[in-house]
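**Student:** model_3.cif is the file, holding mmCIF, C-alpha atoms:
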```cif
data_work
loop_
_atom_site.label_atom_id
_atom_site.label_comp_id
_atom_site.auth_asym_id
_atom_site.auth_seq_id
_atom_site.Cartn_x
_atom_site.Cartn_y
_atom_site.Cartn_z
CA MET A 1 -8.88 22.40 23.20
CA ILE A 2 -6.92 19.22 23.76
CA GLU A 3 -3.62 18.87 21.98
CA TRP A 4 -0.34 17.04 21.94
CA ARG A 5 2.91 16.86 20.00
CA ASP A 6 4.67 13.57 19.49
CA GLU A 7 7.03 11.64 17.28
CA ALA A 8 5.27 9.10 15.10
CA PHE A 9 5.37 6.73 12.17
CA VAL A 10 2.72 6.76 9.48
CA LEU A 11 0.88 3.43 9.36
CA ALA A 12 -1.91 4.20 6.92
CA ALA A 13 -3.75 7.03 5.22
CA ARG A 14 -7.20 6.76 3.71
CA PRO A 15 -9.00 9.41 1.66
CA HIS A 16 -11.68 11.35 3.50
CA GLY A 17 -13.92 13.57 1.44
CA GLU A 18 -12.31 15.22 -1.53
CA THR A 19 -9.09 16.56 -0.13
CA ALA A 20 -8.53 15.29 3.42
CA ALA A 21 -7.19 11.99 4.70
CA VAL A 22 -7.67 10.03 7.89
CA VAL A 23 -4.17 9.11 8.98
CA GLN A 24 -3.23 6.32 11.35
CA LEU A 25 -0.04 6.99 13.28
CA LEU A 26 2.05 4.94 15.65
CA THR A 27 3.16 7.55 18.16
CA ARG A 28 5.77 7.27 20.86
CA GLU A 29 3.60 8.39 23.77
CA HIS A 30 0.01 8.07 22.53
CA GLY A 31 0.06 4.66 20.88
CA ARG A 32 -1.78 4.10 17.63
CA HIS A 33 -3.70 7.29 17.02
CA ALA A 34 -5.82 8.47 14.13
CA GLY A 35 -6.49 12.02 13.04
CA LEU A 36 -7.86 14.02 10.15
CA LEU A 37 -5.25 15.63 7.95
CA PRO A 38 -6.74 18.45 5.88
CA GLY A 39 -5.20 18.42 2.40
CA GLY A 40 -3.99 14.87 2.96
CA GLN A 41 -4.81 13.92 -0.63
CA GLY A 42 -2.84 16.81 -2.05
CA THR A 43 0.51 16.60 -3.79
CA ARG A 44 2.37 18.16 -0.85
CA GLN A 45 1.11 15.74 1.78
CA ARG A 46 0.97 12.49 -0.17
CA PRO A 47 4.75 11.87 -0.09
CA VAL A 48 4.64 12.35 3.68
CA LEU A 49 1.84 9.82 4.11
CA GLN A 50 3.71 6.77 2.87
CA PRO A 51 3.67 3.90 5.39
CA GLY A 52 6.74 3.83 7.61
CA ASN A 53 7.65 7.50 7.23
CA GLY A 54 8.72 9.24 10.42
CA VAL A 55 6.81 12.42 11.23
CA ALA A 56 6.56 15.09 13.88
CA ALA A 57 2.85 15.09 14.69
CA TYR A 58 0.68 17.78 16.24
CA TRP A 59 -2.86 16.69 17.13
CA ARG A 60 -5.67 18.80 18.49
CA ALA A 61 -9.36 18.31 19.11
CA ARG A 62 -12.10 20.02 21.04
CA LEU A 63 -12.92 16.87 23.01
CA ALA A 64 -10.66 13.92 23.79
CA ASP A 65 -12.88 11.40 21.98
CA HIS A 66 -13.04 13.42 18.76
CA LEU A 67 -11.09 12.29 15.72
CA GLY A 68 -9.11 15.53 15.88
CA THR A 69 -6.98 17.31 13.33
CA LEU A 70 -3.37 16.51 12.59
CA THR A 71 -0.48 18.55 11.34
CA LEU A 72 2.46 16.47 10.15
CA GLU A 73 6.02 17.28 9.27
CA LEU A 74 8.21 14.67 7.65
CA THR A 75 11.25 13.80 9.74
CA ASP A 76 12.49 10.64 8.03
CA ALA A 77 11.43 9.36 4.61
CA HIS A 78 11.88 5.67 5.37
CA ALA A 79 9.50 4.51 2.63
CA ALA A 80 11.56 6.12 -0.14
CA ARG A 81 14.61 4.07 0.90
CA PHE A 82 12.87 0.81 0.18
CA LEU A 83 10.85 1.62 -2.94
CA ALA A 84 13.38 -0.08 -5.19
CA ASP A 85 13.69 -3.22 -3.06
CA PRO A 86 10.67 -5.52 -3.42
CA ALA A 87 11.37 -7.74 -0.40
CA ARG A 88 12.06 -4.89 1.99
CA LEU A 89 9.07 -3.01 0.60
CA ASP A 90 6.87 -6.03 1.34
CA ALA A 91 8.33 -6.13 4.87
CA LEU A 92 7.57 -2.43 5.36
CA SER A 93 4.00 -2.76 4.01
CA SER A 94 3.42 -5.87 6.07
CA ALA A 95 4.71 -4.33 9.30
CA SER A 96 2.60 -1.19 8.80
CA ALA A 97 -0.55 -3.19 8.05
CA ILE A 98 0.00 -5.52 11.01
CA ALA A 99 0.64 -2.63 13.40
CA GLU A 100 -2.46 -0.85 12.12
CA ALA A 101 -4.64 -3.94 12.52
CA ALA A 102 -3.21 -5.24 15.76
CA LEU A 103 -2.38 -2.36 18.08
CA PRO A 104 -5.17 -0.96 20.24
CA GLU A 105 -6.07 2.64 19.49
CA ARG A 106 -4.99 5.44 21.83
CA GLU A 107 -3.20 3.14 24.22
CA ALA A 108 0.41 4.09 24.87
CA GLN A 109 2.69 1.35 23.54
CA PRO A 110 6.23 2.68 23.86
CA GLY A 111 7.59 -0.83 23.26
CA ALA A 112 5.70 -1.12 19.99
CA TYR A 113 6.95 2.31 18.88
CA GLU A 114 10.56 1.49 19.73
CA GLY A 115 10.19 -1.90 18.08
CA PHE A 116 8.88 -0.33 14.88
CA ALA A 117 11.75 2.17 14.91
CA ALA A 118 14.23 -0.65 15.41
CA LEU A 119 12.64 -2.60 12.55
CA LEU A 120 12.98 0.36 10.19
CA ALA A 121 16.63 0.69 11.13
CA ALA A 122 17.13 -3.06 10.71
CA LEU A 123 15.56 -3.01 7.24
CA ARG A 124 18.59 -1.04 6.11
CA ALA A 125 20.96 -3.73 7.35
CA SER A 126 21.82 -7.07 5.75
CA ALA A 127 20.12 -9.49 8.19
CA TRP A 128 16.85 -7.62 7.99
CA ALA A 129 14.62 -10.66 7.51
CA GLU A 130 15.53 -12.17 10.88
CA SER A 131 14.87 -8.77 12.45
CA TYR A 132 11.47 -8.72 10.81
CA VAL A 133 10.54 -12.08 12.37
CA GLN A 134 11.82 -10.85 15.73
CA TRP A 135 9.67 -7.75 15.36
CA GLU A 136 6.55 -9.90 14.85
CA VAL A 137 7.46 -11.89 17.98
CA LEU A 138 7.79 -8.57 19.81
CA MET A 139 4.42 -7.45 18.49
CA LEU A 140 2.79 -10.63 19.77
CA ARG A 141 4.33 -9.97 23.18
CA ALA A 142 3.19 -6.34 23.17
CA LEU A 143 -0.35 -7.54 22.44
CA GLY A 144 -0.30 -9.99 25.33
CA PHE A 145 0.22 -13.12 23.23
CA GLY A 146 3.94 -13.53 23.80
CA LEU A 147 5.61 -16.80 22.90
CA ASP A 148 7.38 -18.62 25.71
CA LEU A 149 10.63 -19.69 24.09
CA ALA A 150 12.72 -19.93 27.24
CA GLN A 151 12.02 -23.49 28.34
CA CYS A 152 10.49 -26.74 27.21
CA ALA A 153 6.79 -26.95 27.97
CA ALA A 154 7.06 -30.73 28.22
CA GLY A 155 9.89 -30.71 30.75
CA GLY A 156 12.54 -31.61 28.17
CA ASP A 157 16.04 -30.30 27.64
CA ASN A 158 16.03 -26.49 27.45
CA ASN A 159 19.23 -26.58 25.41
CA GLN A 160 17.52 -28.53 22.64
CA LEU A 161 14.44 -26.44 21.98
CA ALA A 162 13.25 -27.16 18.45
CA TYR A 163 9.49 -26.70 18.23
CA VAL A 164 6.66 -24.44 19.38
CA SER A 165 3.23 -25.68 20.35
CA PRO A 166 0.67 -24.07 17.99
CA ARG A 167 -1.87 -24.16 20.81
CA THR A 168 0.06 -22.63 23.71
CA GLY A 169 2.95 -20.79 22.02
CA ARG A 170 5.43 -22.54 24.31
CA ALA A 171 8.70 -24.08 23.17
CA VAL A 172 9.17 -27.84 23.08
CA SER A 173 12.50 -29.67 23.03
CA LEU A 174 13.63 -31.89 20.17
CA ALA A 175 13.20 -35.13 22.12
CA ALA A 176 9.91 -34.22 23.79
CA GLY A 177 8.45 -32.97 20.55
CA GLU A 178 9.58 -35.87 18.36
CA PRO A 179 6.33 -37.90 18.64
CA TYR A 180 4.24 -34.81 17.79
CA LYS A 181 6.55 -33.06 15.37
CA GLU A 182 4.02 -33.12 12.52
CA ARG A 183 1.69 -31.02 14.62
CA LEU A 184 4.30 -28.67 16.10
CA LEU A 185 5.78 -25.57 14.51
CA PRO A 186 9.54 -25.57 13.92
CA LEU A 187 11.39 -23.07 16.13
CA PRO A 188 14.12 -21.24 14.18
CA GLY A 189 17.36 -21.08 16.12
CA PHE A 190 17.90 -17.34 15.66
CA LEU A 191 14.83 -16.62 17.80
CA ILE A 192 16.55 -18.19 20.82
CA GLY A 193 20.03 -16.99 20.01
CA ARG A 194 21.16 -20.35 18.62
CA GLY A 195 21.40 -19.99 14.90
CA GLY A 196 22.61 -17.72 12.20
CA GLY A 197 19.30 -17.40 10.42
CA GLY A 198 19.15 -17.83 6.65
CA PRO A 199 16.19 -18.27 4.32
CA LEU A 200 15.09 -21.61 5.79
CA GLU A 201 15.01 -20.30 9.34
CA VAL A 202 13.37 -17.05 8.24
CA ALA A 203 10.66 -19.06 6.46
CA GLN A 204 10.17 -21.14 9.62
CA GLY A 205 9.99 -17.97 11.70
CA LEU A 206 7.44 -16.38 9.37
CA ARG A 207 5.28 -19.54 9.52
CA LEU A 208 5.52 -19.49 13.31
CA THR A 209 4.51 -15.85 13.75
CA ALA A 210 1.88 -16.06 10.98
CA HIS A 211 0.14 -18.83 12.91
CA PHE A 212 -0.11 -16.76 16.10
CA LEU A 213 -0.91 -13.49 14.33
CA GLU A 214 -3.77 -15.20 12.53
CA LYS A 215 -4.96 -16.95 15.65
CA HIS A 216 -4.86 -13.97 18.02
CA VAL A 217 -5.15 -10.90 15.81
CA PHE A 218 -6.60 -11.46 12.36
CA HIS A 219 -9.07 -14.33 12.81
CA PRO A 220 -10.88 -12.56 15.68
CA GLN A 221 -11.29 -9.58 13.31
CA ASP A 222 -12.41 -11.92 10.51
CA ARG A 223 -9.59 -10.65 8.31
CA PRO A 224 -6.81 -12.45 6.49
CA LEU A 225 -3.16 -11.65 7.05
CA PRO A 226 -2.12 -8.66 4.92
CA ALA A 227 -1.29 -9.61 1.32
CA ALA A 228 2.20 -8.10 1.68
CA ARG A 229 2.82 -10.49 4.59
CA GLY A 230 1.88 -13.41 2.35
CA ARG A 231 4.20 -12.18 -0.41
CA LEU A 232 7.04 -11.77 2.05
CA ALA A 233 6.60 -15.32 3.36
CA ARG A 234 6.47 -16.71 -0.19
CA ARG A 235 9.78 -15.05 -1.03
CA PHE A 236 11.49 -17.08 1.69
CA GLU A 237 9.53 -20.27 1.05
CA GLN A 238 10.78 -20.16 -2.53
CA GLN A 239 14.40 -19.54 -1.56
CA PRO A 240 16.91 -22.38 -1.73
CA SER A 241 17.88 -23.72 1.70
CA GLU A 242 20.50 -22.38 4.07
CA GLY A 243 23.69 -20.85 2.87
CA SER A 244 22.14 -18.85 0.07
CA GLU A 245 22.35 -15.10 -0.14
CA HIS A 246 18.91 -14.34 1.21
CA ASN A 247 19.95 -10.85 2.18
CA GLY A 248 20.18 -9.96 -1.43
CA LEU A 249 16.47 -10.56 -1.87
CA MET B 1 -41.82 15.34 1.26
CA ALA B 2 -40.10 14.26 -1.96
CA PRO B 3 -37.35 16.62 -3.10
CA SER B 4 -38.18 18.92 -5.96
CA GLU B 5 -36.41 18.51 -9.30
CA ILE B 6 -34.17 21.47 -8.42
CA ASP B 7 -33.19 19.82 -5.14
CA ARG B 8 -32.50 16.61 -6.96
CA LEU B 9 -30.27 18.44 -9.44
CA ILE B 10 -28.39 20.20 -6.63
CA GLN B 11 -27.92 16.91 -4.77
CA GLN B 12 -26.51 15.24 -7.85
CA LEU B 13 -24.18 18.14 -8.60
CA ALA B 14 -23.00 18.27 -4.99
CA ARG B 15 -21.71 14.71 -5.35
CA LEU B 16 -19.26 15.73 -8.06
CA PRO B 17 -15.58 16.26 -7.21
CA GLY B 18 -14.83 19.86 -6.32
CA LEU B 19 -18.46 20.78 -5.68
CA GLY B 20 -20.12 21.12 -2.29
CA PRO B 21 -23.75 22.03 -1.58
CA ARG B 22 -23.11 25.76 -1.98
CA SER B 23 -21.24 25.53 -5.26
CA ALA B 24 -23.76 22.92 -6.45
CA ARG B 25 -26.56 25.44 -5.86
CA ARG B 26 -24.65 28.09 -7.81
CA THR B 27 -23.99 25.65 -10.63
CA ALA B 28 -27.61 24.53 -10.74
CA LEU B 29 -28.80 28.13 -10.88
CA TYR B 30 -26.27 28.93 -13.60
CA LEU B 31 -27.47 25.99 -15.70
CA LEU B 32 -31.16 26.67 -15.16
CA GLN B 33 -30.77 30.32 -16.14
CA ARG B 34 -28.90 29.34 -19.33
CA ARG B 35 -31.14 26.58 -20.50
CA GLU B 36 -30.32 26.73 -24.20
CA GLN B 37 -26.61 27.57 -24.01
CA SER B 38 -25.58 25.33 -21.13
CA LEU B 39 -28.22 23.08 -19.59
CA LEU B 40 -29.50 21.27 -22.67
CA PRO B 41 -26.08 20.75 -24.29
CA LEU B 42 -24.75 19.47 -20.98
CA ALA B 43 -27.72 17.15 -20.52
CA GLU B 44 -27.28 15.84 -24.03
CA ALA B 45 -23.52 15.36 -23.56
CA LEU B 46 -24.11 13.49 -20.30
CA SER B 47 -26.78 11.33 -21.86
CA ARG B 48 -24.57 10.46 -24.83
CA ALA B 49 -21.60 9.78 -22.56
CA ALA B 50 -23.68 7.45 -20.39
CA GLU B 51 -24.95 5.67 -23.45
CA ARG B 52 -21.77 5.37 -25.48
CA ILE B 53 -18.66 5.57 -23.32
CA ARG B 54 -17.48 2.19 -22.10
CA PRO B 55 -14.22 0.68 -20.87
CA CYS B 56 -12.12 -0.71 -23.69
CA HIS B 57 -12.01 -4.49 -23.35
CA VAL B 58 -8.40 -4.52 -24.53
CA CYS B 59 -6.71 -1.88 -22.38
CA GLY B 60 -9.32 -0.61 -19.90
CA ASN B 61 -9.30 2.96 -21.28
CA LEU B 62 -12.61 4.82 -21.47
CA ASP B 63 -13.82 5.63 -24.97
CA ASP B 64 -16.94 5.71 -27.13
CA SER B 65 -15.66 2.81 -29.17
CA ASP B 66 -14.47 -0.61 -28.16
CA PRO B 67 -11.57 -1.21 -28.81
CA CYS B 68 -10.68 2.39 -27.99
CA ARG B 69 -9.06 4.82 -30.43
CA ILE B 70 -5.61 4.21 -28.98
CA CYS B 71 -5.89 0.43 -29.37
CA ARG B 72 -7.17 0.85 -32.95
CA ASP B 73 -4.52 3.39 -33.96
CA ARG B 74 -2.21 1.65 -36.46
CA GLU B 75 0.30 4.50 -36.25
CA ARG B 76 1.14 3.66 -32.66
CA ASP B 77 4.07 1.51 -31.65
CA LEU B 78 2.82 -2.05 -31.16
CA SER B 79 6.03 -3.14 -29.48
CA ALA B 80 5.62 -0.92 -26.40
CA LEU B 81 2.99 -1.38 -23.73
CA CYS B 82 2.66 1.10 -20.88
CA VAL B 83 0.95 -0.09 -17.69
CA VAL B 84 -0.83 2.62 -15.68
CA GLU B 85 -3.00 2.57 -12.56
CA GLU B 86 -5.97 4.62 -13.70
CA VAL B 87 -7.43 6.15 -16.84
CA GLY B 88 -6.38 9.58 -15.50
CA ASP B 89 -2.75 8.44 -15.67
CA LEU B 90 -3.23 7.37 -19.29
CA TRP B 91 -4.66 10.77 -20.12
CA ALA B 92 -1.71 12.47 -18.39
CA LEU B 93 0.79 10.48 -20.46
CA GLU B 94 -1.16 11.22 -23.63
CA ARG B 95 -1.10 14.94 -22.81
CA SER B 96 2.66 14.81 -22.39
CA GLY B 97 3.10 13.16 -25.80
CA ALA B 98 5.97 11.17 -24.30
CA PHE B 99 4.70 7.76 -25.26
CA LYS B 100 3.44 6.51 -28.59
CA GLY B 101 2.78 2.89 -27.79
CA HIS B 102 -0.25 1.15 -26.32
CA TYR B 103 -1.57 1.22 -22.78
CA HIS B 104 -2.95 -1.10 -20.17
CA VAL B 105 -5.03 0.30 -17.30
CA LEU B 106 -4.86 -1.77 -14.09
CA GLY B 107 -7.77 -0.07 -12.34
CA GLY B 108 -5.77 0.59 -9.15
CA CYS B 109 -2.79 -0.92 -7.41
CA LEU B 110 -2.11 -3.54 -4.79
CA SER B 111 -2.80 -2.28 -1.30
CA ALA B 112 -2.00 -4.12 1.91
CA LEU B 113 -4.09 -1.69 3.91
CA ASP B 114 -7.17 -1.74 1.74
CA GLY B 115 -6.94 -5.48 1.11
CA ARG B 116 -6.71 -4.99 -2.66
CA GLY B 117 -5.03 -8.00 -4.23
CA PRO B 118 -4.09 -9.05 -7.78
CA GLU B 119 -7.55 -10.52 -8.37
CA GLN B 120 -9.07 -7.04 -8.07
CA LEU B 121 -6.85 -5.64 -10.83
CA ASN B 122 -7.15 -5.91 -14.61
CA LEU B 123 -4.31 -8.43 -14.84
CA ASP B 124 -5.59 -11.43 -16.80
CA SER B 125 -5.65 -9.49 -20.04
CA LEU B 126 -2.22 -7.99 -19.22
CA TRP B 127 -0.68 -11.49 -19.03
CA GLN B 128 -2.27 -12.26 -22.40
CA ARG B 129 -1.04 -9.06 -23.99
CA ALA B 130 2.46 -9.55 -22.58
CA ARG B 131 2.67 -12.89 -24.42
CA ASP B 132 1.98 -11.22 -27.77
CA PRO B 133 5.21 -11.67 -29.80
CA ALA B 134 4.85 -8.10 -31.09
CA VAL B 135 5.30 -6.67 -27.59
CA LYS B 136 8.98 -6.05 -26.85
CA GLU B 137 8.84 -3.64 -23.93
CA ILE B 138 6.46 -3.16 -21.03
CA VAL B 139 6.78 0.17 -19.21
CA LEU B 140 5.50 0.18 -15.64
CA ALA B 141 4.28 3.77 -15.18
CA LEU B 142 3.00 3.43 -11.63
CA SER B 143 3.00 5.87 -8.71
CA ALA B 144 6.15 6.38 -6.68
CA THR B 145 4.29 5.28 -3.56
CA VAL B 146 4.63 2.17 -1.42
CA ASP B 147 1.52 0.67 -3.04
CA GLY B 148 2.47 1.75 -6.56
CA GLN B 149 5.99 0.36 -6.32
CA THR B 150 4.78 -2.83 -4.62
CA THR B 151 2.54 -3.33 -7.65
CA ALA B 152 5.43 -2.56 -10.01
CA HIS B 153 7.63 -5.17 -8.30
CA TYR B 154 4.82 -7.72 -8.41
CA LEU B 155 4.30 -7.16 -12.15
CA ALA B 156 8.03 -7.19 -12.87
CA GLU B 157 8.39 -10.52 -11.08
CA ARG B 158 5.42 -12.06 -12.88
CA LEU B 159 6.65 -10.81 -16.26
CA ALA B 160 10.24 -11.86 -15.66
CA GLY B 161 9.92 -15.16 -17.53
CA LEU B 162 8.59 -13.62 -20.73
CA PRO B 163 10.73 -12.40 -23.63
CA VAL B 164 9.90 -8.73 -23.02
CA GLN B 165 11.95 -5.95 -21.53
CA VAL B 166 10.27 -4.61 -18.41
CA THR B 167 11.14 -1.00 -17.58
CA ARG B 168 9.82 1.55 -15.13
CA LEU B 169 9.67 5.33 -15.00
CA GLY B 170 12.58 7.20 -13.48
CA GLN B 171 12.19 9.04 -10.20
CA GLY B 172 13.84 12.25 -9.20
CA VAL B 173 13.90 16.01 -9.31
CA PRO B 174 10.84 17.42 -11.09
CA VAL B 175 11.24 19.97 -13.85
CA GLY B 176 11.31 23.40 -12.21
CA GLY B 177 11.93 21.91 -8.78
CA ASP B 178 14.34 23.59 -6.35
CA LEU B 179 16.31 21.10 -4.29
CA ASP B 180 15.70 23.18 -1.21
CA TYR B 181 11.96 22.60 -1.46
CA LEU B 182 11.97 18.92 -2.36
CA ASP B 183 10.82 16.36 0.15
CA ASP B 184 13.41 13.92 1.52
CA GLY B 185 11.87 10.96 -0.31
CA THR B 186 12.24 12.59 -3.73
CA LEU B 187 15.81 13.61 -2.97
CA LEU B 188 16.66 10.07 -1.86
CA ALA B 189 15.15 8.63 -5.04
CA ALA B 190 16.93 11.23 -7.18
CA PHE B 191 20.28 10.40 -5.60
CA SER B 192 19.73 6.65 -6.04
CA ALA B 193 18.90 7.19 -9.71
CA ARG B 194 21.76 9.61 -10.52
CA ARG B 195 23.51 9.10 -13.83
CA PRO B 196 26.72 10.22 -15.54
CA ALA B 197 26.62 13.91 -16.48
#
```
Do you think you could lay out the structure here as structure tokens?

**Tutor:**
Amino acid sequence: MIEWRDEAFVLAARPHGETAAVVQLLTREHGRHAGLLPGGQGTRQRPVLQPGNGVAAYWRARLADHLGTLTLELTDAHAARFLADPARLDALSSASAIAEAALPEREAQPGAYEGFAALLAALRASAWAESYVQWEVLMLRALGFGLDLAQCAAGGDNNQLAYVSPRTGRAVSLAAGEPYKERLLPLPGFLIGRGGGGPLEVAQGLRLTAHFLEKHVFHPQDRPLPAARGRLARRFEQQPSEGSEHNGL
Amino acid sequence: MAPSEIDRLIQQLARLPGLGPRSARRTALYLLQRREQSLLPLAEALSRAAERIRPCHVCGNLDDSDPCRICRDRERDLSALCVVEEVGDLWALERSGAFKGHYHVLGGCLSALDGRGPEQLNLDSLWQRARDPAVKEIVLALSATVDGQTTAHYLAERLAGLPVQVTRLGQGVPVGGDLDYLDDGTLLAAFSARRPA
């Protein structure tokens, strides 16, 4: 019998048969890992299986490539904290769906686990939206599609980075990008430590990461971005420009 | 070889919730041995249900008349509309006797993971019903889950411009529930929703 115990976050749970559920977890040491949870559709387990909840997981299977059986114990009910907040709830749903779709299965991704934990902590703070964008940038990096935001791809001034090439994911300076600015993606300042964020920058950041998530993760799977991700982006697109109280969303 | 009629019956029964192949065999045997008392009345009830029971075009409830009995009931409160996910939720509320208004069954809830969007839900008729001047309150009676509450927020935002009060069910300690045994999520929700004693 093969078995392990690990800390994990619930990413998704789908009904299996009449009473069980197949649960997708993001574990600290075993990456994204699925398992069968007997009784997963029951009233005792359903509150545990909300996306984003922290659990202590015990997995066992006869062979390593079997789906295996899970036992879960709730350690932190993150989802319940955000049920009353539509924007944060969209962020939580979006992050869970992206992690479930993007991360390779059974491949240790400690960075992705820590990033998800940091995102859940950040969702309780005021500048959570900027943290969400930064989490998506981190996810792209963890998947091998990291953006290069350190220097200008066109040899321009690295202190004036203002755009990102939609083709290469590399930053472009204001002057070098000027002739092509219609085709480049705006680079929000908070992603390079040069801006305070705000709804406009968050909207720019969400457009930036959406482009690369679609290009590298969702289009190859012939899937659209999760609906919650679209709703989250629309919330910031509809916000008045900088200076507004976006954190109260 | 084609399955016998008994096999066919067992296979059909085994597809029902709560029944596996073993219990389906027992059920089939029970029915076949009680032809007059159980099998024929059941067959007739199933046949009539298949023939007559349809979703109500107004609210989405299942009934043998369209509009359903609840939609036709003139004694019910026309000013209150309760939005539920599934017909089972409507039945649960009816059993409780807590609500005397009309219902609207969505047929599910938004789900990021399953790719279920607004277009898959019974929403067009909800927008129409919400514009009825007689409707004064819309109660969102949706699950206290991430998907259920995401749907509730979506509906509340879409209904915000209309002259109706949009409310939702409270969340907290269940009747007969010991705090010691409650999950953390329920306790968190109960604390957030505390009220003056």

**Student:** Tell me, counting only C-alpha atoms, for each residue of chain B within 6 Å of chain A, which pair of atoms is nearest and how far apart they are in Å to one decimal, in rows ordered by chain and increasing number, as a Markdown table.

**Tutor:**
```
| residue | atom | partner | partner_atom | distance |
| --- | --- | --- | --- | --- |
| B:Ala112 | CA | A:Pro226 | CA | 5.4 |
| B:Leu113 | CA | A:Ala97 | CA | 5.6 |
| B:His153 | CA | A:Pro86 | CA | 5.8 |
| B:Asp184 | CA | A:Ala77 | CA | 5.9 |
| B:Gly185 | CA | A:Ala80 | CA | 4.9 |
```

**Student:** Run the PyMOL selection byres ((chain A and resi 127) around 10) mentally over the shown coordinates, then write out the matched residues as a list in words, using the chain letters and numbers from the document.

**Tutor:** Ala122, Leu123, Arg124, Ala125, Ser126, Trp128, Ala129, Glu130, Ser131, Tyr132, Gly196, Gly197, Gly198, His246, Asn247 and Gly248 of chain A

**Student:** Tell me, in Å to one decimal, how far atom CA of Ala50 of chain B is from atom CA of Asp124 of chain B.

**Tutor:**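 Here the two named atoms are 26.4 Å from each other.
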
**Student:** Have a look at B:Arg15, B:Ala28, B:His104, B:Val139 and name the one nearest to Leu42 of chain B; count all atoms listed in the file.

**Tutor:**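 Of the candidates, the smallest distance to Leu42 of chain B is held by B:Ala28.
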
**Student:** What gap, in Å, lies between atom CA of Leu142 of chain B and atom CA of Val84 of chain B?

**Tutor:**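 Those two atoms sit 5.6 Å apart.
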
**Student:** Work out how far apart atom CA of Val133 of chain A and atom CA of Gln160 of chain A are and give it in Å to one decimal.

**Tutor:** 20.6 Å

**Student:** Choose the residue, out of B:Ala14, B:Ala24, B:Ala152, B:Val87, that has the smallest atom-to-atom separation from Ile138 of chain B; count only C-alpha atoms.

**Tutor:**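 Closest candidate: B:Ala152.
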
**Student:** Which is closer to Gly111 of chain A than all the others in A:Ala34, A:Ala171, A:Leu26, A:Leu185, using all atoms listed in the file?

**Tutor:**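 Closest to Gly111 of chain A, using all atoms listed in the file: A:Leu26.
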
**Student:** Hey, could you patch up segment 14-24 of chain B with N, CA, C and O atoms and hand it over as a PDB file, in the frame of the given file?

**Tutor:**
```pdb
ATOM      1  N   ALA B  14     -23.829  18.182  -6.198  1.00  0.00           N
ATOM      2  CA  ALA B  14     -23.000  18.270  -4.990  1.00  0.00           C
ATOM      3  C   ALA B  14     -22.161  17.016  -4.787  1.00  0.00           C
ATOM      4  O   ALA B  14     -21.197  17.021  -4.020  1.00  0.00           O
ATOM      5  N   ARG B  15     -22.509  15.940  -5.466  1.00  0.00           N
ATOM      6  CA  ARG B  15     -21.710  14.710  -5.350  1.00  0.00           C
ATOM      7  C   ARG B  15     -20.458  14.737  -6.220  1.00  0.00           C
ATOM      8  O   ARG B  15     -19.607  13.880  -6.102  1.00  0.00           O
ATOM      9  N   LEU B  16     -20.389  15.707  -7.127  1.00  0.00           N
ATOM     10  CA  LEU B  16     -19.260  15.730  -8.060  1.00  0.00           C
ATOM     11  C   LEU B  16     -18.003  16.244  -7.361  1.00  0.00           C
ATOM     12  O   LEU B  16     -18.079  17.055  -6.441  1.00  0.00           O
ATOM     13  N   PRO B  17     -16.827  15.786  -7.813  1.00  0.00           N
ATOM     14  CA  PRO B  17     -15.580  16.260  -7.210  1.00  0.00           C
ATOM     15  C   PRO B  17     -15.452  17.777  -7.345  1.00  0.00           C
ATOM     16  O   PRO B  17     -15.747  18.324  -8.404  1.00  0.00           O
ATOM     17  N   GLY B  18     -15.049  18.420  -6.280  1.00  0.00           N
ATOM     18  CA  GLY B  18     -14.830  19.860  -6.320  1.00  0.00           C
ATOM     19  C   GLY B  18     -16.066  20.685  -6.036  1.00  0.00           C
ATOM     20  O   GLY B  18     -15.994  21.909  -5.955  1.00  0.00           O
ATOM     21  N   LEU B  19     -17.221  20.038  -5.932  1.00  0.00           N
ATOM     22  CA  LEU B  19     -18.460  20.780  -5.680  1.00  0.00           C
ATOM     23  C   LEU B  19     -19.042  20.376  -4.326  1.00  0.00           C
ATOM     24  O   LEU B  19     -19.160  19.186  -4.030  1.00  0.00           O
ATOM     25  N   GLY B  20     -19.387  21.362  -3.525  1.00  0.00           N
ATOM     26  CA  GLY B  20     -20.120  21.120  -2.290  1.00  0.00           C
ATOM     27  C   GLY B  20     -21.538  21.613  -2.483  1.00  0.00           C
ATOM     28  O   GLY B  20     -21.907  22.038  -3.582  1.00  0.00           O
ATOM     29  N   PRO B  21     -22.356  21.592  -1.424  1.00  0.00           N
ATOM     30  CA  PRO B  21     -23.750  22.030  -1.580  1.00  0.00           C
ATOM     31  C   PRO B  21     -23.887  23.469  -2.068  1.00  0.00           C
ATOM     32  O   PRO B  21     -24.737  23.773  -2.897  1.00  0.00           O
ATOM     33  N   ARG B  22     -23.016  24.342  -1.583  1.00  0.00           N
ATOM     34  CA  ARG B  22     -23.110  25.760  -1.980  1.00  0.00           C
ATOM     35  C   ARG B  22     -22.793  25.940  -3.467  1.00  0.00           C
ATOM     36  O   ARG B  22     -23.552  26.573  -4.211  1.00  0.00           O
ATOM     37  N   SER B  23     -21.639  25.372  -3.848  1.00  0.00           N
ATOM     38  CA  SER B  23     -21.240  25.530  -5.260  1.00  0.00           C
ATOM     39  C   SER B  23     -22.198  24.766  -6.166  1.00  0.00           C
ATOM     40  O   SER B  23     -22.417  25.165  -7.318  1.00  0.00           O
ATOM     41  N   ALA B  24     -22.784  23.661  -5.648  1.00  0.00           N
ATOM     42  CA  ALA B  24     -23.760  22.920  -6.450  1.00  0.00           C
ATOM     43  C   ALA B  24     -24.997  23.787  -6.690  1.00  0.00           C
ATOM     44  O   ALA B  24     -25.572  23.770  -7.788  1.00  0.00           O
TER      45      ALA B  24
END
```
